[in-house]
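The next block is start.pdb, given as PDB, C-alpha atoms.
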MODEL        1
ATOM      1  CA  MET B 133     -67.795  14.522  12.659
ATOM      2  CA  THR B 134     -69.779  17.202  14.396
ATOM      3  CA  LYS B 135     -71.863  16.748  17.477
ATOM      4  CA  SER B 136     -75.012  17.434  15.500
ATOM      5  CA  THR B 137     -74.467  14.347  13.314
ATOM      6  CA  LYS B 138     -73.982  11.845  16.101
ATOM      7  CA  THR B 139     -76.564  11.627  18.837
ATOM      8  CA  PRO B 140     -75.718  10.106  22.203
ATOM      9  CA  ASP B 141     -77.786   7.059  21.200
ATOM     10  CA  THR B 142     -75.666   6.188  18.183
ATOM     11  CA  MET B 143     -72.255   4.622  17.784
ATOM     12  CA  ARG B 144     -69.764   4.140  15.034
ATOM     13  CA  ILE B 145     -68.553   0.753  13.854
ATOM     14  CA  GLY B 146     -65.641   0.619  16.309
ATOM     15  CA  GLN B 147     -67.985   1.107  19.244
ATOM     16  CA  LEU B 148     -70.353  -1.544  17.891
ATOM     17  CA  VAL B 149     -67.386  -3.909  17.507
ATOM     18  CA  LYS B 150     -66.498  -3.393  21.181
ATOM     19  CA  ALA B 151     -70.110  -3.774  22.309
ATOM     20  CA  THR B 152     -70.738  -7.001  20.368
ATOM     21  CA  GLY B 153     -67.337  -8.683  20.236
ATOM     22  CA  LYS B 154     -67.710  -9.063  16.465
ATOM     23  CA  THR B 155     -65.205  -7.788  13.934
ATOM     24  CA  ALA B 156     -65.909  -4.774  11.760
ATOM     25  CA  ARG B 157     -65.762  -7.079   8.725
ATOM     26  CA  THR B 158     -68.417  -9.345  10.253
ATOM     27  CA  LEU B 159     -70.698  -6.396  10.935
ATOM     28  CA  HIS B 160     -70.189  -5.069   7.418
ATOM     29  CA  PHE B 161     -70.953  -8.537   6.078
ATOM     30  CA  TYR B 162     -74.185  -8.594   8.102
ATOM     31  CA  GLU B 163     -75.043  -5.278   6.487
ATOM     32  CA  GLU B 164     -74.251  -6.611   2.998
ATOM     33  CA  MET B 165     -76.615  -9.519   3.654
ATOM     34  CA  GLY B 166     -79.366  -7.179   4.844
ATOM     35  CA  LEU B 167     -79.215  -8.533   8.383
ATOM     36  CA  LEU B 168     -78.080  -5.259   9.899
ATOM     37  CA  ARG B 169     -78.725  -1.667   8.894
ATOM     38  CA  PRO B 170     -77.063   1.482  10.136
ATOM     39  CA  SER B 171     -79.478   3.987  11.639
ATOM     40  CA  GLY B 172     -77.773   6.776   9.742
ATOM     41  CA  ARG B 173     -74.491   8.221   8.588
ATOM     42  CA  THR B 174     -72.256  11.034   9.668
ATOM     43  CA  LYS B 175     -71.625  13.978   7.355
ATOM     44  CA  GLY B 176     -68.357  12.217   6.523
ATOM     45  CA  GLY B 177     -70.243   9.070   5.467
ATOM     46  CA  PHE B 178     -69.409   6.879   8.468
ATOM     47  CA  ARG B 179     -72.108   4.429   9.456
ATOM     48  CA  LEU B 180     -73.961   5.089  12.691
ATOM     49  CA  TYR B 181     -75.715   2.357  14.663
ATOM     50  CA  ASP B 182     -78.205   2.609  17.477
ATOM     51  CA  ASP B 183     -79.152   0.185  20.237
ATOM     52  CA  THR B 184     -81.329  -1.813  17.844
ATOM     53  CA  ALA B 185     -78.115  -2.882  16.104
ATOM     54  CA  LEU B 186     -76.889  -4.418  19.380
ATOM     55  CA  VAL B 187     -80.157  -6.291  19.758
ATOM     56  CA  ARG B 188     -80.016  -7.495  16.135
ATOM     57  CA  VAL B 189     -76.411  -8.725  16.406
ATOM     58  CA  ARG B 190     -77.223 -10.621  19.601
ATOM     59  CA  TRP B 191     -80.298 -12.126  17.911
ATOM     60  CA  ILE B 192     -78.207 -13.281  14.949
ATOM     61  CA  GLU B 193     -75.684 -14.772  17.370
ATOM     62  CA  ARG B 194     -78.426 -16.688  19.201
ATOM     63  CA  LEU B 195     -79.824 -18.068  15.956
ATOM     64  CA  GLN B 196     -76.339 -19.213  14.993
ATOM     65  CA  GLU B 197     -76.092 -20.947  18.380
ATOM     66  CA  LEU B 198     -79.258 -22.797  17.360
ATOM     67  CA  GLY B 199     -77.413 -23.994  14.279
ATOM     68  CA  PHE B 200     -78.623 -21.499  11.686
ATOM     69  CA  SER B 201     -76.347 -20.307   8.936
ATOM     70  CA  LEU B 202     -76.364 -16.624   8.055
ATOM     71  CA  GLN B 203     -78.110 -17.546   4.805
ATOM     72  CA  GLU B 204     -80.917 -19.206   6.784
ATOM     73  CA  VAL B 205     -81.231 -16.123   9.005
ATOM     74  CA  GLN B 206     -81.401 -13.980   5.864
ATOM     75  CA  ASP B 207     -84.075 -16.247   4.349
ATOM     76  CA  PHE B 208     -86.120 -16.165   7.556
ATOM     77  CA  LEU B 209     -86.007 -12.375   7.682
ATOM     78  CA  ALA B 210     -87.063 -12.216   4.036
ATOM     79  CA  ARG B 211     -90.079 -14.447   4.730
ATOM     80  CA  LEU B 212     -90.914 -12.423   7.823
ATOM     81  CA  SER B 213     -90.834  -9.181   5.842
ATOM     82  CA  GLU B 214     -93.426 -10.653   3.443
ATOM     83  CA  GLU B 215     -96.039 -10.277   6.149
ATOM     84  CA  ALA B 216     -97.948  -7.054   5.626
ATOM     85  CA  TYR B 217     -99.429  -6.915   9.108
ATOM     86  CA  GLY B 218     -97.679  -6.856  12.466
ATOM     87  CA  PRO B 219     -99.775  -9.566  14.122
ATOM     88  CA  ASP B 220     -99.160 -11.930  11.183
ATOM     89  CA  ALA B 221     -95.432 -11.292  11.362
ATOM     90  CA  MET B 222     -95.431 -11.887  15.106
ATOM     91  CA  MET B 223     -97.362 -15.144  14.659
ATOM     92  CA  ARG B 224     -94.805 -16.282  12.079
ATOM     93  CA  LEU B 225     -92.030 -15.368  14.510
ATOM     94  CA  ARG B 226     -93.852 -17.195  17.300
ATOM     95  CA  SER B 227     -94.241 -20.328  15.174
ATOM     96  CA  PHE B 228     -90.566 -20.163  14.337
ATOM     97  CA  TYR B 229     -89.652 -19.907  18.037
ATOM     98  CA  VAL B 230     -92.005 -22.730  19.019
ATOM     99  CA  GLU B 231     -90.328 -24.978  16.449
ATOM    100  CA  LYS B 232     -86.859 -23.962  17.640
ATOM    101  CA  LEU B 233     -87.837 -24.465  21.290
ATOM    102  CA  GLU B 234     -88.926 -28.022  20.541
ATOM    103  CA  GLU B 235     -85.704 -28.702  18.635
ATOM    104  CA  THR B 236     -83.704 -27.221  21.521
ATOM    105  CA  ARG B 237     -85.518 -29.376  24.063
ATOM    106  CA  MET B 238     -84.859 -32.494  21.973
ATOM    107  CA  ALA B 239     -81.187 -31.556  21.645
ATOM    108  CA  MET B 240     -80.985 -31.019  25.406
ATOM    109  CA  ALA B 241     -82.560 -34.412  26.025
ATOM    110  CA  ARG B 242     -79.962 -36.000  23.723
ATOM    111  CA  MET B 243     -77.213 -34.147  25.579
ATOM    112  CA  ARG B 244     -78.573 -35.283  28.974
ATOM    113  CA  ALA B 245     -78.594 -38.887  27.710
ATOM    114  CA  LEU B 246     -75.030 -38.481  26.475
ATOM    115  CA  GLU B 247     -74.075 -37.002  29.849
ATOM    116  CA  ARG B 248     -75.544 -40.061  31.599
ATOM    117  CA  ASP B 249     -73.749 -42.434  29.205
ATOM    118  CA  LEU B 250     -70.426 -40.675  29.751
ATOM    119  CA  SER B 251     -70.894 -40.560  33.518
ATOM    120  CA  ASN B 252     -71.820 -44.270  33.651
ATOM    121  CA  SER B 253     -68.826 -45.100  31.467
ATOM    122  CA  ILE B 254     -66.484 -43.123  33.707
ATOM    123  CA  ASP B 255     -67.920 -44.823  36.803
ATOM    124  CA  TYR B 256     -67.446 -48.204  35.143
ATOM    125  CA  LEU B 257     -63.907 -47.393  34.047
ATOM    126  CA  ASP B 258     -63.044 -46.268  37.577
ATOM    127  CA  GLY B 259     -63.683 -49.913  38.575
ATOM    128  CA  CYS B 260     -61.065 -51.066  36.084
ATOM    129  CA  ARG B 261     -58.414 -49.928  38.518
ATOM    130  CA  SER B 262     -59.010 -53.164  40.437
ATOM    131  CA  CYS B 263     -57.420 -55.296  37.685
ATOM    132  CA  GLU B 264     -53.870 -56.513  37.886
ATOM    133  CA  PRO B 265     -51.578 -53.912  36.272
ATOM    134  CA  LEU B 266     -50.280 -56.370  33.649
ATOM    135  CA  THR B 267     -53.694 -57.715  32.578
ATOM    136  CA  ASN B 268     -53.777 -58.264  28.827
ATOM    137  CA  ARG B 269     -55.902 -55.634  27.123
ATOM    138  CA  GLY B 270     -57.841 -58.315  25.238
ATOM    139  CA  ASP B 271     -59.083 -59.741  28.554
ATOM    140  CA  CYS B 272     -61.087 -56.558  29.214
ATOM    141  CA  SER B 273     -63.855 -57.745  26.898
ATOM    142  CA  VAL B 274     -64.552 -60.746  29.146
ATOM    143  CA  CYS B 275     -63.766 -59.175  32.515
ATOM    144  CA  ASP B 276     -65.336 -61.064  35.398
ATOM    145  CA  GLN B 277     -63.511 -59.134  38.099
ATOM    146  CA  HIS B 278     -65.208 -55.779  37.649
ATOM    147  CA  PRO B 279     -66.889 -54.466  40.825
ATOM    148  CA  VAL B 280     -70.069 -53.366  38.991
ATOM    149  CA  GLN B 281     -70.783 -56.472  36.907
ATOM    150  CA  ASP B 282     -74.488 -56.376  37.826
ATOM    151  CA  GLN B 283     -75.003 -53.119  35.879
ATOM    152  CA  GLY B 284     -73.428 -54.432  32.713
ATOM    153  CA  VAL B 285     -70.806 -52.828  30.584
ATOM    154  CA  PRO B 286     -71.896 -49.403  29.310
ATOM    155  CA  ASP B 287     -72.202 -49.232  25.513
ATOM    156  CA  LEU B 288     -69.500 -46.571  25.279
ATOM    157  CA  VAL B 289     -67.079 -49.007  26.925
ATOM    158  CA  ALA B 290     -68.390 -52.223  25.366
ATOM    159  CA  ALA B 291     -67.989 -50.828  21.849
ATOM    160  CA  VAL B 292     -64.267 -50.467  22.452
ATOM    161  CA  THR B 293     -63.561 -53.523  24.570
ATOM    162  CA  GLN B 294     -65.544 -55.872  22.354
ATOM    163  CA  ALA B 295     -63.654 -54.624  19.323
ATOM    164  CA  GLN B 296     -60.436 -55.692  21.044
ATOM    165  CA  ALA B 297     -61.445 -59.319  21.445
TER
ENDMDL
END

Please, can you express the file's structure as structure tokens?
Amino acid sequence: MTKSTKTPDTMRIGQLVKATGKTARTLHFYEEMGLLRPSGRTKGGFRLYDDTALVRVRWIERLQELGFSLQEVQDFLARLSEEAYGPDAMMRLRSFYVEKLEETRMAMARMRALERDLSNSIDYLDGCRSCEPLTNRGDCSVCDQHPVQDQGVPDLVAAVTQAQA
């Protein structure tokens, strides 16, 4: 490759692999799906990528973190490309992000509730250390010796202890 074919702003696949942490096969697969495009080629036919490829790979990664499959990302990009005008495309993108933000907030709320349930269960189970070491496991479902009886048995504990009885 000559210096005239590769500008300082472009990189070959190996450099893009290092910059993104993805494999060359993954990046080629993204290209096959139309999710990623090289900005050019060397005289020898090697793909060249610019900084927009880094941004695109990170965007794909974020969408996958949101639970999207690559097929769904491909479908979204296809629908987005149907928009003839920039403002329309940006409004479609905005609507997409608003929907995903709401889904993310709901998922976070579910995770915070799960965090509370797990924390309460751990706190409750820490009180189980006050039992006699040889207490029959079946007696846990009717424990009257627990130090936090007033708060009740957390569901994540009750589901297991009640099944023992």

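Put simply, CA of Phe161 (chain B) is 11.8 Å away from CA of Gln206 (chain B).
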
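The protein and nucleic acid residues lying at most 12 Å from Ser213 (chain B) are Gly166, Leu167, Gln206, Asp207, Phe208, Leu209, Tyr217, Gly218, Asp220, Ala221, Met222, Arg224 and Leu225 of chain B, with all atoms listed in the file considered and sequence neighbours fewer than 4 positions away removed.
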
Who sits within 12 Å of Arg188 (chain B), only C-alpha atoms, same chain under 3 positions skipped, as number ranges by chain: B: 148, 152, 159, 162-163, 166-170, 181-185, 191-195, 205, 209

Would you save the residues of that selection, restricted to C-alpha atoms, as a PDB file, in the coordinates of the input?
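Final output, again28.pdb:
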ATOM      1  CA  LEU B 148     -70.353  -1.544  17.891  1.00  0.00           C
ATOM      2  CA  THR B 152     -70.738  -7.001  20.368  1.00  0.00           C
ATOM      3  CA  LEU B 159     -70.698  -6.396  10.935  1.00  0.00           C
ATOM      4  CA  TYR B 162     -74.185  -8.594   8.102  1.00  0.00           C
ATOM      5  CA  GLU B 163     -75.043  -5.278   6.487  1.00  0.00           C
ATOM      6  CA  GLY B 166     -79.366  -7.179   4.844  1.00  0.00           C
ATOM      7  CA  LEU B 167     -79.215  -8.533   8.383  1.00  0.00           C
ATOM      8  CA  LEU B 168     -78.080  -5.259   9.899  1.00  0.00           C
ATOM      9  CA  ARG B 169     -78.725  -1.667   8.894  1.00  0.00           C
ATOM     10  CA  PRO B 170     -77.063   1.482  10.136  1.00  0.00           C
ATOM     11  CA  TYR B 181     -75.715   2.357  14.663  1.00  0.00           C
ATOM     12  CA  ASP B 182     -78.205   2.609  17.477  1.00  0.00           C
ATOM     13  CA  ASP B 183     -79.152   0.185  20.237  1.00  0.00           C
ATOM     14  CA  THR B 184     -81.329  -1.813  17.844  1.00  0.00           C
ATOM     15  CA  ALA B 185     -78.115  -2.882  16.104  1.00  0.00           C
ATOM     16  CA  TRP B 191     -80.298 -12.126  17.911  1.00  0.00           C
ATOM     17  CA  ILE B 192     -78.207 -13.281  14.949  1.00  0.00           C
ATOM     18  CA  GLU B 193     -75.684 -14.772  17.370  1.00  0.00           C
ATOM     19  CA  ARG B 194     -78.426 -16.688  19.201  1.00  0.00           C
ATOM     20  CA  LEU B 195     -79.824 -18.068  15.956  1.00  0.00           C
ATOM     21  CA  VAL B 205     -81.231 -16.123   9.005  1.00  0.00           C
ATOM     22  CA  LEU B 209     -86.007 -12.375   7.682  1.00  0.00           C
TER      23      LEU B 209
END

Å distance separating CA of Ser201 (chain B) from CA of Arg237 (chain B), one decimal place: 19.9 Å

Residues near Arg173 (chain B), cut-off 10 Å, all atoms listed in the file, skip fewer than 3 positions along chain, as JSON, numbers by chain: {"B": [137, 138, 142, 144, 170, 176, 177, 178, 179, 180, 181]}

Computed interatomic separation between CA of Lys175 (chain B) and CA of His160 (chain B) (Å): 19.1 Å

Among the residues B:Met165, B:Ala290, B:Val187, B:Val285, the one that comes closest to Ala151 (chain B) [using all atoms listed in the file]: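 Among the listed residues, the smallest separation from Ala151 (chain B) belongs to B:Val187.
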